[in-house]
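Printed here is protein.cif (mmCIF, C-alpha atoms and all ligand atoms):
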```cif
data_data
#
loop_
_atom_site.label_atom_id
_atom_site.label_comp_id
_atom_site.auth_asym_id
_atom_site.auth_seq_id
_atom_site.Cartn_x
_atom_site.Cartn_y
_atom_site.Cartn_z
CA MET A 1 28.89 -7.24 -14.79
CA SER A 2 29.32 -3.49 -14.90
CA ASN A 3 26.04 -2.64 -13.16
CA VAL A 4 26.34 -3.05 -9.42
CA ILE A 5 23.31 -2.65 -7.18
CA LEU A 6 23.39 -2.48 -3.40
CA VAL A 7 20.38 -4.21 -1.84
CA LYS A 8 18.70 -3.52 1.50
CA SER A 9 15.37 -5.27 1.61
CA ASP A 10 12.89 -6.36 4.25
CA PHE A 11 12.72 -10.12 4.87
CA ASP A 12 15.92 -12.10 4.78
CA ARG A 13 16.20 -13.01 1.12
CA PHE A 14 19.34 -11.42 -0.32
CA SER A 15 20.31 -14.59 -2.22
CA GLU A 16 16.95 -14.52 -4.03
CA TRP A 17 17.54 -10.91 -5.09
CA ALA A 18 21.08 -11.73 -6.20
CA ASP A 19 19.92 -14.71 -8.31
CA GLU A 20 17.21 -12.67 -10.00
CA PHE A 21 19.47 -9.68 -10.68
CA ARG A 22 22.11 -12.01 -12.16
CA LYS A 23 19.55 -13.02 -14.84
CA HIS A 24 19.57 -9.35 -15.89
CA ASP A 25 23.37 -9.13 -15.82
CA ILE A 26 23.31 -7.00 -12.67
CA LEU A 27 25.58 -7.77 -9.72
CA ALA A 28 23.72 -7.42 -6.40
CA VAL A 29 25.76 -6.76 -3.28
CA PRO A 30 24.34 -6.96 0.24
CA TRP A 31 23.89 -3.82 2.35
CA ASP A 32 26.24 -5.14 5.03
CA ASP A 33 29.04 -5.27 2.44
CA MET A 34 28.63 -1.61 1.52
CA ALA A 35 32.14 -0.61 2.65
CA ARG A 36 33.80 -3.07 0.25
CA HIS A 37 31.77 -1.95 -2.77
CA ARG A 38 31.48 1.77 -2.03
CA GLU A 39 33.27 2.85 -5.23
CA THR A 40 31.55 0.48 -7.66
CA VAL A 41 27.93 0.83 -6.57
CA LYS A 42 25.86 2.84 -9.07
CA TYR A 43 22.40 1.75 -7.98
CA ALA A 44 20.73 0.99 -4.68
CA LEU A 45 17.50 -0.88 -4.00
CA VAL A 46 16.43 0.02 -0.50
CA TRP A 47 13.91 -0.25 2.29
CA GLN A 48 14.48 2.04 5.29
CA PRO A 49 18.16 2.94 4.77
CA GLU A 50 20.02 4.48 7.73
CA PRO A 51 20.59 8.26 7.53
CA GLY A 52 23.82 9.11 5.73
CA ALA A 53 24.31 5.63 4.25
CA LEU A 54 23.29 6.42 0.66
CA ALA A 55 25.23 9.71 0.76
CA SER A 56 28.39 7.75 1.47
CA LEU A 57 28.30 6.14 -2.01
CA PRO A 58 30.32 8.47 -4.29
CA ASN A 59 29.13 6.97 -7.61
CA LEU A 60 25.45 6.37 -6.83
CA GLU A 61 23.25 7.26 -9.82
CA VAL A 62 19.71 6.01 -9.05
CA ILE A 63 17.90 4.90 -5.89
CA PHE A 64 15.14 2.29 -6.25
CA SER A 65 12.60 1.95 -3.46
CA VAL A 66 11.74 -1.69 -2.65
CA ALA A 67 8.31 -0.33 -1.76
CA ALA A 68 5.63 1.47 -3.74
CA GLY A 69 5.52 4.01 -0.91
CA ILE A 70 8.52 6.28 -0.47
CA ASP A 71 7.71 7.61 3.00
CA HIS A 72 10.59 5.46 4.31
CA LEU A 73 12.93 7.71 2.31
CA LYS A 74 11.64 10.97 3.75
CA GLY A 75 13.81 12.40 6.47
CA GLU A 76 17.03 14.22 7.13
CA GLY A 77 20.04 12.69 5.37
CA LEU A 78 18.23 9.71 3.86
CA VAL A 79 18.45 10.58 0.16
CA PRO A 80 21.41 12.56 -1.19
CA ALA A 81 20.34 15.67 -3.12
CA GLY A 82 19.99 15.28 -6.86
CA ILE A 83 19.80 11.46 -6.98
CA PRO A 84 16.56 10.29 -8.63
CA VAL A 85 14.30 7.92 -6.70
CA VAL A 86 12.23 5.32 -8.54
CA ARG A 87 9.34 3.73 -6.66
CA MET A 88 8.20 0.13 -7.00
CA VAL A 89 5.53 -0.53 -9.59
CA GLU A 90 5.38 -4.13 -10.74
CA ASP A 91 2.77 -6.72 -11.62
CA SER A 92 3.06 -8.99 -8.56
CA LEU A 93 2.81 -6.08 -6.15
CA THR A 94 -0.33 -4.89 -7.91
CA ALA A 95 -1.83 -8.39 -8.13
CA GLY A 96 -1.18 -9.03 -4.43
CA MET A 97 -2.84 -5.77 -3.45
CA VAL A 98 -5.88 -6.47 -5.63
CA GLU A 99 -6.25 -9.85 -3.89
CA TYR A 100 -6.02 -8.30 -0.43
CA ILE A 101 -8.59 -5.60 -1.21
CA VAL A 102 -11.06 -7.85 -3.03
CA TYR A 103 -10.77 -10.47 -0.29
CA ASN A 104 -11.51 -7.97 2.46
CA VAL A 105 -14.35 -6.19 0.66
CA LEU A 106 -15.99 -9.55 -0.07
CA ARG A 107 -15.38 -10.75 3.47
CA PHE A 108 -17.25 -7.76 4.89
CA HIS A 109 -19.88 -7.68 2.14
CA ARG A 110 -20.71 -11.36 2.81
CA GLU A 111 -20.63 -10.78 6.60
CA MET A 112 -18.00 -13.46 7.15
CA PRO A 113 -16.86 -12.06 10.54
CA VAL A 114 -20.46 -12.46 11.76
CA TYR A 115 -20.72 -16.05 10.50
CA GLU A 116 -17.32 -16.87 12.01
CA ARG A 117 -18.58 -15.62 15.38
CA ASP A 118 -21.82 -17.58 14.95
CA GLN A 119 -19.83 -20.74 14.25
CA THR A 120 -17.85 -20.44 17.50
CA ASN A 121 -21.19 -20.21 19.32
CA ARG A 122 -22.86 -22.99 17.23
CA ILE A 123 -25.48 -20.55 16.02
CA TRP A 124 -27.36 -21.31 12.77
CA LYS A 125 -28.67 -17.94 11.65
CA PRO A 126 -29.04 -17.17 7.92
CA ARG A 127 -29.06 -13.47 7.02
CA VAL A 128 -30.39 -11.81 3.87
CA GLN A 129 -27.61 -11.02 1.49
CA GLN A 130 -27.32 -7.70 -0.35
CA SER A 131 -26.36 -7.41 -4.01
CA ALA A 132 -22.91 -6.04 -4.82
CA TRP A 133 -24.44 -3.57 -7.29
CA ASP A 134 -26.39 -2.01 -4.43
CA ARG A 135 -23.19 -1.36 -2.48
CA THR A 136 -20.44 1.19 -2.96
CA ALA A 137 -16.73 0.71 -2.50
CA GLY A 138 -14.77 3.96 -2.24
CA ILE A 139 -11.07 3.88 -3.03
CA LEU A 140 -9.12 6.58 -1.23
CA GLY A 141 -6.09 7.04 -3.50
CA LEU A 142 -6.86 6.10 -7.08
CA GLY A 143 -3.27 5.52 -8.19
CA VAL A 144 -1.61 2.41 -9.59
CA LEU A 145 -2.88 0.09 -6.84
CA GLY A 146 -6.16 1.88 -6.17
CA SER A 147 -7.14 1.82 -9.85
CA ALA A 148 -6.34 -1.89 -10.18
CA ALA A 149 -8.42 -2.66 -7.08
CA ALA A 150 -11.24 -0.46 -8.40
CA VAL A 151 -11.37 -2.31 -11.72
CA ALA A 152 -11.42 -5.70 -9.95
CA LEU A 153 -14.25 -4.61 -7.62
CA HIS A 154 -16.23 -3.27 -10.54
CA ARG A 155 -15.86 -6.66 -12.25
CA LEU A 156 -17.55 -8.15 -9.19
CA GLN A 157 -20.36 -5.66 -9.85
CA PHE A 158 -19.76 -3.30 -6.96
CA ASN A 159 -20.50 0.34 -7.52
CA VAL A 160 -16.99 1.85 -7.34
CA ILE A 161 -15.93 5.43 -6.70
CA GLY A 162 -12.45 6.82 -6.14
CA TRP A 163 -10.82 9.90 -4.63
CA SER A 164 -7.48 11.38 -5.65
CA ARG A 165 -5.79 14.74 -6.01
CA ASN A 166 -6.47 15.04 -9.72
CA PRO A 167 -9.40 13.77 -11.80
CA LYS A 168 -8.97 10.20 -13.08
CA GLN A 169 -10.35 8.17 -15.91
CA VAL A 170 -10.75 4.60 -14.75
CA PRO A 171 -13.44 2.75 -16.73
CA GLU A 172 -16.77 2.56 -14.83
CA VAL A 173 -15.28 4.24 -11.74
CA THR A 174 -16.62 7.63 -10.70
CA SER A 175 -13.73 9.98 -9.98
CA TYR A 176 -13.84 12.45 -7.09
CA PHE A 177 -10.87 14.69 -6.51
CA GLY A 178 -9.55 17.40 -4.23
CA GLN A 179 -10.72 18.49 -0.78
CA ASP A 180 -14.05 19.86 -2.09
CA GLN A 181 -15.11 16.46 -3.35
CA LEU A 182 -14.02 14.43 -0.33
CA GLU A 183 -17.34 14.78 1.46
CA PRO A 184 -19.59 13.57 -1.39
CA PHE A 185 -17.16 10.69 -1.87
CA LEU A 186 -17.32 9.70 1.81
CA GLU A 187 -21.10 10.04 2.07
CA GLN A 188 -21.56 7.16 -0.39
CA THR A 189 -18.69 4.91 0.67
CA GLU A 190 -19.77 1.71 2.44
CA PHE A 191 -16.41 -0.04 2.02
CA LEU A 192 -13.56 2.43 2.44
CA VAL A 193 -10.34 1.17 0.86
CA ILE A 194 -7.37 3.28 1.95
CA LEU A 195 -4.57 3.26 -0.62
CA LEU A 196 -3.14 6.74 -0.20
CA PRO A 197 0.57 7.39 0.23
CA LEU A 198 1.67 8.92 3.54
CA THR A 199 2.55 12.56 2.89
CA GLU A 200 2.40 15.87 4.71
CA ASP A 201 -1.14 16.30 3.34
CA THR A 202 -2.49 12.85 4.08
CA GLY A 203 -1.15 12.03 7.59
CA GLY A 204 -4.09 11.72 10.03
CA ILE A 205 -6.66 12.24 7.26
CA VAL A 206 -8.82 9.40 8.59
CA ASN A 207 -9.95 11.12 11.79
CA ARG A 208 -13.23 11.47 13.67
CA ASP A 209 -14.80 14.02 11.28
CA PHE A 210 -13.79 11.95 8.30
CA LEU A 211 -15.18 8.70 9.76
CA ASN A 212 -18.43 10.39 10.75
CA LYS A 213 -19.05 11.36 7.12
CA LEU A 214 -19.19 7.70 6.09
CA PRO A 215 -22.61 6.00 6.19
CA ARG A 216 -23.24 4.36 9.57
CA GLY A 217 -21.97 0.77 9.58
CA ALA A 218 -19.31 1.35 6.90
CA TYR A 219 -16.17 -0.80 6.79
CA VAL A 220 -12.56 0.41 6.71
CA ILE A 221 -9.73 -1.42 4.95
CA ASN A 222 -6.32 0.21 5.41
CA ALA A 223 -3.53 -1.07 3.20
CA GLY A 224 -1.94 2.37 2.68
CA ARG A 225 0.01 3.45 5.76
CA GLY A 226 -0.80 3.39 9.48
CA PRO A 227 -0.32 7.12 10.18
CA LEU A 228 -3.10 7.97 7.70
CA VAL A 229 -5.45 6.89 10.49
CA VAL A 230 -5.95 8.45 13.93
CA ASP A 231 -6.17 5.26 15.98
CA GLU A 232 -8.21 6.65 18.89
CA ASP A 233 -10.80 7.98 16.42
CA LEU A 234 -11.08 4.70 14.54
CA LEU A 235 -11.36 2.73 17.79
CA ALA A 236 -14.08 5.09 19.04
CA ALA A 237 -15.96 4.82 15.74
CA LEU A 238 -15.76 1.01 15.97
CA ASP A 239 -16.99 1.01 19.56
CA GLN A 240 -19.90 3.29 18.64
CA GLY A 241 -20.92 1.18 15.61
CA GLN A 242 -20.24 4.05 13.20
CA ILE A 243 -17.68 1.68 11.66
CA ALA A 244 -18.82 -1.96 11.58
CA GLY A 245 -15.43 -3.52 10.98
CA ALA A 246 -11.86 -2.81 9.98
CA ALA A 247 -9.17 -4.78 8.20
CA LEU A 248 -5.83 -3.22 9.05
CA ASP A 249 -2.54 -4.16 7.41
CA VAL A 250 -0.48 -1.10 8.36
CA PHE A 251 -0.09 0.72 11.68
CA ASN A 252 1.23 3.85 13.28
CA GLN A 253 3.82 1.69 14.96
CA GLU A 254 5.10 -1.50 13.35
CA PRO A 255 5.36 -4.16 14.65
CA LEU A 256 2.03 -3.39 16.31
CA PRO A 257 2.78 -3.13 20.07
CA THR A 258 1.34 -6.00 22.11
CA GLU A 259 -0.65 -3.52 24.22
CA SER A 260 -2.50 -2.10 21.19
CA PRO A 261 -6.31 -2.37 21.63
CA TYR A 262 -6.53 -3.40 17.96
CA TRP A 263 -5.25 -6.90 18.77
CA LYS A 264 -8.29 -7.85 20.80
CA HIS A 265 -10.95 -5.73 19.17
CA PRO A 266 -13.74 -8.05 17.96
CA ALA A 267 -14.38 -5.95 14.84
CA VAL A 268 -10.75 -5.68 13.73
CA THR A 269 -8.70 -8.04 11.57
CA ILE A 270 -4.94 -7.54 11.62
CA THR A 271 -2.27 -8.56 9.14
CA PRO A 272 1.42 -7.68 9.62
CA HIS A 273 2.02 -5.34 6.66
CA VAL A 274 1.69 -8.08 4.07
CA ALA A 275 -1.20 -6.82 1.93
CA SER A 276 1.25 -7.09 -0.91
CA ILE A 277 4.94 -7.88 -0.96
CA THR A 278 7.55 -6.96 -3.54
CA LEU A 279 8.77 -10.16 -5.18
CA PRO A 280 12.35 -10.34 -6.50
CA ALA A 281 11.43 -12.41 -9.59
CA THR A 282 9.15 -9.74 -11.02
CA SER A 283 10.45 -6.54 -9.45
CA THR A 284 14.01 -7.04 -10.72
CA ARG A 285 12.54 -6.68 -14.23
CA HIS A 286 11.24 -3.22 -13.36
CA VAL A 287 14.64 -2.28 -11.87
CA ALA A 288 16.60 -3.77 -14.78
CA ASP A 289 14.40 -1.99 -17.36
CA ASN A 290 15.02 1.30 -15.61
CA ILE A 291 18.76 0.70 -15.35
CA GLN A 292 18.77 0.01 -19.09
CA ARG A 293 16.83 3.22 -19.71
CA HIS A 294 19.23 5.14 -17.50
CA ARG A 295 22.26 3.78 -19.39
CA GLU A 296 20.62 4.80 -22.68
CA GLY A 297 19.85 8.29 -21.38
CA LYS A 298 16.08 7.71 -21.55
CA PRO A 299 13.67 9.06 -18.89
CA LEU A 300 13.15 6.73 -15.92
CA THR A 301 9.68 5.28 -15.33
CA HIS A 302 7.79 5.67 -12.02
CA LEU A 303 10.04 8.40 -10.73
CA ALA A 304 8.95 9.53 -7.28
CA ASP A 305 8.68 13.15 -6.32
CA LEU A 306 10.23 13.36 -2.85
CA SER A 307 8.92 16.87 -2.20
CA ARG A 308 5.34 15.76 -3.00
CA GLY A 309 5.88 12.57 -1.00
CA TYR A 310 4.86 9.96 -3.58
P1 LIG B 401 0.30 5.98 -6.49
O1 LIG B 401 1.32 7.06 -6.31
O2 LIG B 401 0.18 5.34 -7.81
O3 LIG B 401 -1.13 6.53 -6.07
C1 LIG B 401 -1.34 7.40 -5.02
C2 LIG B 401 -2.72 7.98 -5.14
O4 LIG B 401 -2.98 8.80 -4.00
C3 LIG B 401 -2.89 8.87 -6.38
O5 LIG B 401 -4.13 8.63 -6.95
C4 LIG B 401 -2.83 10.28 -5.79
O6 LIG B 401 -3.56 11.25 -6.51
C5 LIG B 401 -3.48 10.06 -4.44
N1 LIG B 401 -3.11 11.11 -3.52
C6 LIG B 401 -1.90 11.43 -3.03
N2 LIG B 401 -1.96 12.50 -2.22
C7 LIG B 401 -3.26 12.87 -2.20
C8 LIG B 401 -3.97 13.92 -1.56
N3 LIG B 401 -3.35 14.80 -0.76
N4 LIG B 401 -5.29 14.01 -1.78
C9 LIG B 401 -5.92 13.13 -2.59
N5 LIG B 401 -5.31 12.12 -3.23
C10 LIG B 401 -3.98 11.99 -3.03
O7 LIG B 401 0.64 4.91 -5.36
P2 LIG B 401 0.33 3.34 -5.37
O8 LIG B 401 -1.08 3.14 -5.78
O9 LIG B 401 1.38 2.61 -6.09
O10 LIG B 401 0.52 3.00 -3.81
C11 LIG B 401 -0.28 3.62 -2.84
C12 LIG B 401 0.23 3.34 -1.44
O11 LIG B 401 -0.05 2.00 -1.07
C13 LIG B 401 1.75 3.43 -1.26
O12 LIG B 401 2.18 4.77 -1.12
C14 LIG B 401 1.96 2.64 0.01
O13 LIG B 401 1.86 3.49 1.14
C15 LIG B 401 0.81 1.63 0.01
N6 LIG B 401 1.26 0.25 -0.18
C16 LIG B 401 1.06 -0.64 0.84
C17 LIG B 401 1.40 -1.96 0.68
C18 LIG B 401 1.12 -2.93 1.75
O14 LIG B 401 1.56 -4.09 1.68
N7 LIG B 401 0.35 -2.57 2.77
C19 LIG B 401 2.03 -2.45 -0.54
C20 LIG B 401 2.18 -1.45 -1.56
C21 LIG B 401 1.81 -0.14 -1.36
P3 LIG B 401 -3.05 11.80 -7.95
O15 LIG B 401 -2.87 10.59 -8.81
O16 LIG B 401 -4.15 12.66 -8.40
O17 LIG B 401 -1.75 12.49 -7.70
C1 LIG B 402 4.94 -0.72 -0.21
C2 LIG B 402 4.76 -1.56 0.97
O1 LIG B 402 4.77 0.49 -0.12
O2 LIG B 402 5.09 -2.76 0.91
O3 LIG B 402 5.25 -1.29 -1.28
O4 LIG B 402 4.25 -1.09 1.99
#
```
So that I can check it, write out the structure of this file as structure tokens.
Ligand code: NDP
Ligand code: OXD
Amino acid sequence: MSNVILVKSDFDRFSEWADEFRKHDILAVPWDDMARHRETVKYALVWQPEPGALASLPNLEVIFSVAAGIDHLKGEGLVPAGIPVVRMVEDSLTAGMVEYIVYNVLRFHREMPVYERDQTNRIWKPRVQQSAWDRTAGILGLGVLGSAAAVALHRLQFNVIGWSRNPKQVPEVTSYFGQDQLEPFLEQTEFLVILLPLTEDTGGIVNRDFLNKLPRGAYVINAGRGPLVVDEDLLAALDQGQIAGAALDVFNQEPLPTESPYWKHPAVTITPHVASITLPATSTRHVADNIQRHREGKPLTHLADLSRGY
């Protein structure tokens, strides 16, 4: 096997990666064995590498991010200059995210947190249900994952709008773009789905002013990155009823510290950064296809732009 890939992933599943890469004739070596393979490694598949580590590989040609987001690769000494970075775009990651978003929008739309509370208090209290087509889901970040979630929500008959940097054409989804169109987007959004990357422009975007532009009683679902949200502002908006509920998968600090008020907040549901997880069986195909393209001198797919941040 002439293609050697160094793997540093979250979760402890190197043998799974190695088995899947072997099917594509790629030899995976574990991160801890870097010293032994320094000369032969041409590719690296990484999540949160230590500064300087990738620069110590003299024959490295392409870096693959285990994650769709590349914010874990931003920082002094993390990525050697001139080495392309490919981000993760693969079917299971997209499918998992669509499930997480649809599940949480439906959960709020159908008032499940209220019925769950009623059940603990043995309260039988039917409430009138609204139609999905009378409600608007707004997707903040209409990229690969945002567009897939938008299409799925539209299939469930929600009115779906999206916000991105550039105009988008997603069937039946109204596209808003740029700073000027953020306000009209927010004013209509009853279910805010956050799927932006964390960049210099987006950090802290979900602050008090932003939350106050949503209709009163809107819901927030954050599967993008924790630092997109100003925690104190979201907590205040929840306490004041401006935001009726939040499903949070990502946090400013992960693992979420035990003292965080989110843990005990009655209107907050927490998951430990699992909205969608990169699966070796499917993602190795994306990596192998790109390695093949690289060997044939073809352009790589899903190249990230480190200076832009996504
Ligand atoms: P994409 O790069 O495909 O999409 C990003 C979207 O954000 C694009 O529509 C882009 O606009 C928009 N965007 C970026 N910057 C701005 C800005 N300043 N103003 C307005 N819009 C902006 O990314 P993915 O959809 O693949 O992934 C999105 C994020 O989801 C990842 O970066 C990651 O943080 C998160 N994620 C979380 C997971 C989890 O388990 N919680 C799993 C996977 C991903 P345009 O297209 O116009 O440039
Ligand atoms: C990702 C993630 O960006 O898992 O893919 O957070």
What's around stretch 155-164 of chain A at 9 Å? Count all atoms listed in the file, leave out sequence neighbours fewer than 5 positions away in its own chain, and write the answer as an MDAnalysis selection string. chainID A and resid 102 131:143 146:147 150 172:178 181:182 185 188:189 196
List the spatial neighbours of A:Arg22 as a PDB file with C-alpha atoms, in the coordinates of the input - criterion: any atom at most 12 Å away, all atoms listed in the file, same-chain residues fewer than 2 positions off excluded.
```pdb
ATOM      1  CA  MET A   1      28.890  -7.240 -14.790  1.00  0.00           C
ATOM      2  CA  SER A   2      29.320  -3.490 -14.900  1.00  0.00           C
ATOM      3  CA  ASN A   3      26.040  -2.640 -13.160  1.00  0.00           C
ATOM      4  CA  VAL A   4      26.340  -3.050  -9.420  1.00  0.00           C
ATOM      5  CA  ILE A   5      23.310  -2.650  -7.180  1.00  0.00           C
ATOM      6  CA  SER A  15      20.310 -14.590  -2.220  1.00  0.00           C
ATOM      7  CA  GLU A  16      16.950 -14.520  -4.030  1.00  0.00           C
ATOM      8  CA  TRP A  17      17.540 -10.910  -5.090  1.00  0.00           C
ATOM      9  CA  ALA A  18      21.080 -11.730  -6.200  1.00  0.00           C
ATOM     10  CA  ASP A  19      19.920 -14.710  -8.310  1.00  0.00           C
ATOM     11  CA  GLU A  20      17.210 -12.670 -10.000  1.00  0.00           C
ATOM     12  CA  HIS A  24      19.570  -9.350 -15.890  1.00  0.00           C
ATOM     13  CA  ASP A  25      23.370  -9.130 -15.820  1.00  0.00           C
ATOM     14  CA  ILE A  26      23.310  -7.000 -12.670  1.00  0.00           C
ATOM     15  CA  LEU A  27      25.580  -7.770  -9.720  1.00  0.00           C
ATOM     16  CA  ALA A  28      23.720  -7.420  -6.400  1.00  0.00           C
ATOM     17  CA  VAL A  29      25.760  -6.760  -3.280  1.00  0.00           C
ATOM     18  CA  PRO A 280      12.350 -10.340  -6.500  1.00  0.00           C
ATOM     19  CA  ALA A 281      11.430 -12.410  -9.590  1.00  0.00           C
ATOM     20  CA  THR A 284      14.010  -7.040 -10.720  1.00  0.00           C
ATOM     21  CA  ARG A 285      12.540  -6.680 -14.230  1.00  0.00           C
ATOM     22  CA  ALA A 288      16.600  -3.770 -14.780  1.00  0.00           C
TER      23      ALA A 288
END
```
Between A:Thr120, A:Ser260, A:Thr40, A:Ser65, which is the closest to ligand LIG 402 (chain B) once you count all atoms listed in the file?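 That would be A:Ser65, the residue with the smallest distance to ligand LIG 402 (chain B).
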Give the residues close to ligand LIG 401 (chain B), within 6 Å, counting all atoms listed in the file; write them as JSON, numbers by chain. {"A": [68, 69, 141, 142, 143, 144, 145, 146, 164, 165, 166, 178, 195, 196, 197, 198, 201, 202, 223, 224, 225, 249, 250, 273, 274, 275, 276, 277, 310]}
Would you list the contacts of stretch 264-268 of chain A as an MDAnalysis selection string, taking every protein, DNA or RNA residue within 7 Å and counting all atoms listed in the file, but skipping same-chain residues closer than 4 positions in sequence? chainID A and resid 244:247
What's the separation between atom CA of A:Leu78 and atom CA of A:Gln48, in Å to one decimal place?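 Atom CA of A:Gln48 lies 8.7 Å from atom CA of A:Leu78.
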Selected residue, from A:Phe64, A:Phe210, A:Tyr219, A:Tyr262, that lies nearest to A:Glu187 when counting all atoms listed in the file: A:Phe210
A:Phe251, A:Trp263, A:Phe108, A:Tyr115: which is nearest ligand LIG 402 (chain B), counting all atoms listed in the file?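 So, comparing all the options, the nearest one is A:Phe251.
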Interatomic distance (Å, one decimal) between atom CA of A:Pro255 and atom CA of A:Pro272: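 Distance between the two atoms: 7.3 Å.
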For A:Glu200, find every residue with an atom within 9 Å (counting only C-alpha atoms), except residues of its own chain fewer than 3 positions away, and show them as a ChimeraX atom specification. /A:203,308-309
With all atoms listed in the file as the counted atoms, please give the residues lying no more than 8 Å from stretch 53-60 of chain A, apart from itself and same-chain residues fewer than 3 positions off, as number ranges by chain. A: 38-44, 49-50, 63, 77-80, 83
I need the residue nearest ligand LIG 402 (chain B) from this list: A:Arg216, A:Arg87, A:Arg36, A:Lys23. Use only C-alpha atoms and all ligand atoms for the distance.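 Residue with the minimum atom-to-atom distance to ligand LIG 402 (chain B): A:Arg87.
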Ranking A:Asn290, A:Asp118, A:Arg127, A:Arg107 by minimum distance to A:Thr269 and counting all atoms listed in the file, which one comes first?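 Closest to A:Thr269 of all the choices is A:Arg107.
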Atom CA of A:Ala236 to atom CA of A:Ala218, distance in Å rounded to a single decimal: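 According to the coordinates, atom CA of A:Ala236 and atom CA of A:Ala218 are separated by 13.7 Å.
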At a cut-off of 10 Å around the point (-10.2, -7.6, -0.7) (file coordinates), what residues fall inside when counting all atoms listed in the file? I'd like the answer as a short mmCIF file (atom, residue, chain, number, x, y, z; two decimals) with C-alpha atoms, keeping the file's coordinate frame.
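Ended up saving to out.cif:
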```cif
data_model
loop_
_atom_site.label_atom_id
_atom_site.label_comp_id
_atom_site.auth_asym_id
_atom_site.auth_seq_id
_atom_site.Cartn_x
_atom_site.Cartn_y
_atom_site.Cartn_z
CA GLY A 96 -1.18 -9.03 -4.43
CA MET A 97 -2.84 -5.77 -3.45
CA VAL A 98 -5.88 -6.47 -5.63
CA GLU A 99 -6.25 -9.85 -3.89
CA TYR A 100 -6.02 -8.30 -0.43
CA ILE A 101 -8.59 -5.60 -1.21
CA VAL A 102 -11.06 -7.85 -3.03
CA TYR A 103 -10.77 -10.47 -0.29
CA ASN A 104 -11.51 -7.97 2.46
CA VAL A 105 -14.35 -6.19 0.66
CA LEU A 106 -15.99 -9.55 -0.07
CA ARG A 107 -15.38 -10.75 3.47
CA PHE A 108 -17.25 -7.76 4.89
CA ALA A 149 -8.42 -2.66 -7.08
CA ALA A 152 -11.42 -5.70 -9.95
CA LEU A 153 -14.25 -4.61 -7.62
CA VAL A 193 -10.34 1.17 0.86
CA ILE A 221 -9.73 -1.42 4.95
CA ALA A 247 -9.17 -4.78 8.20
CA ALA A 275 -1.20 -6.82 1.93
#
```
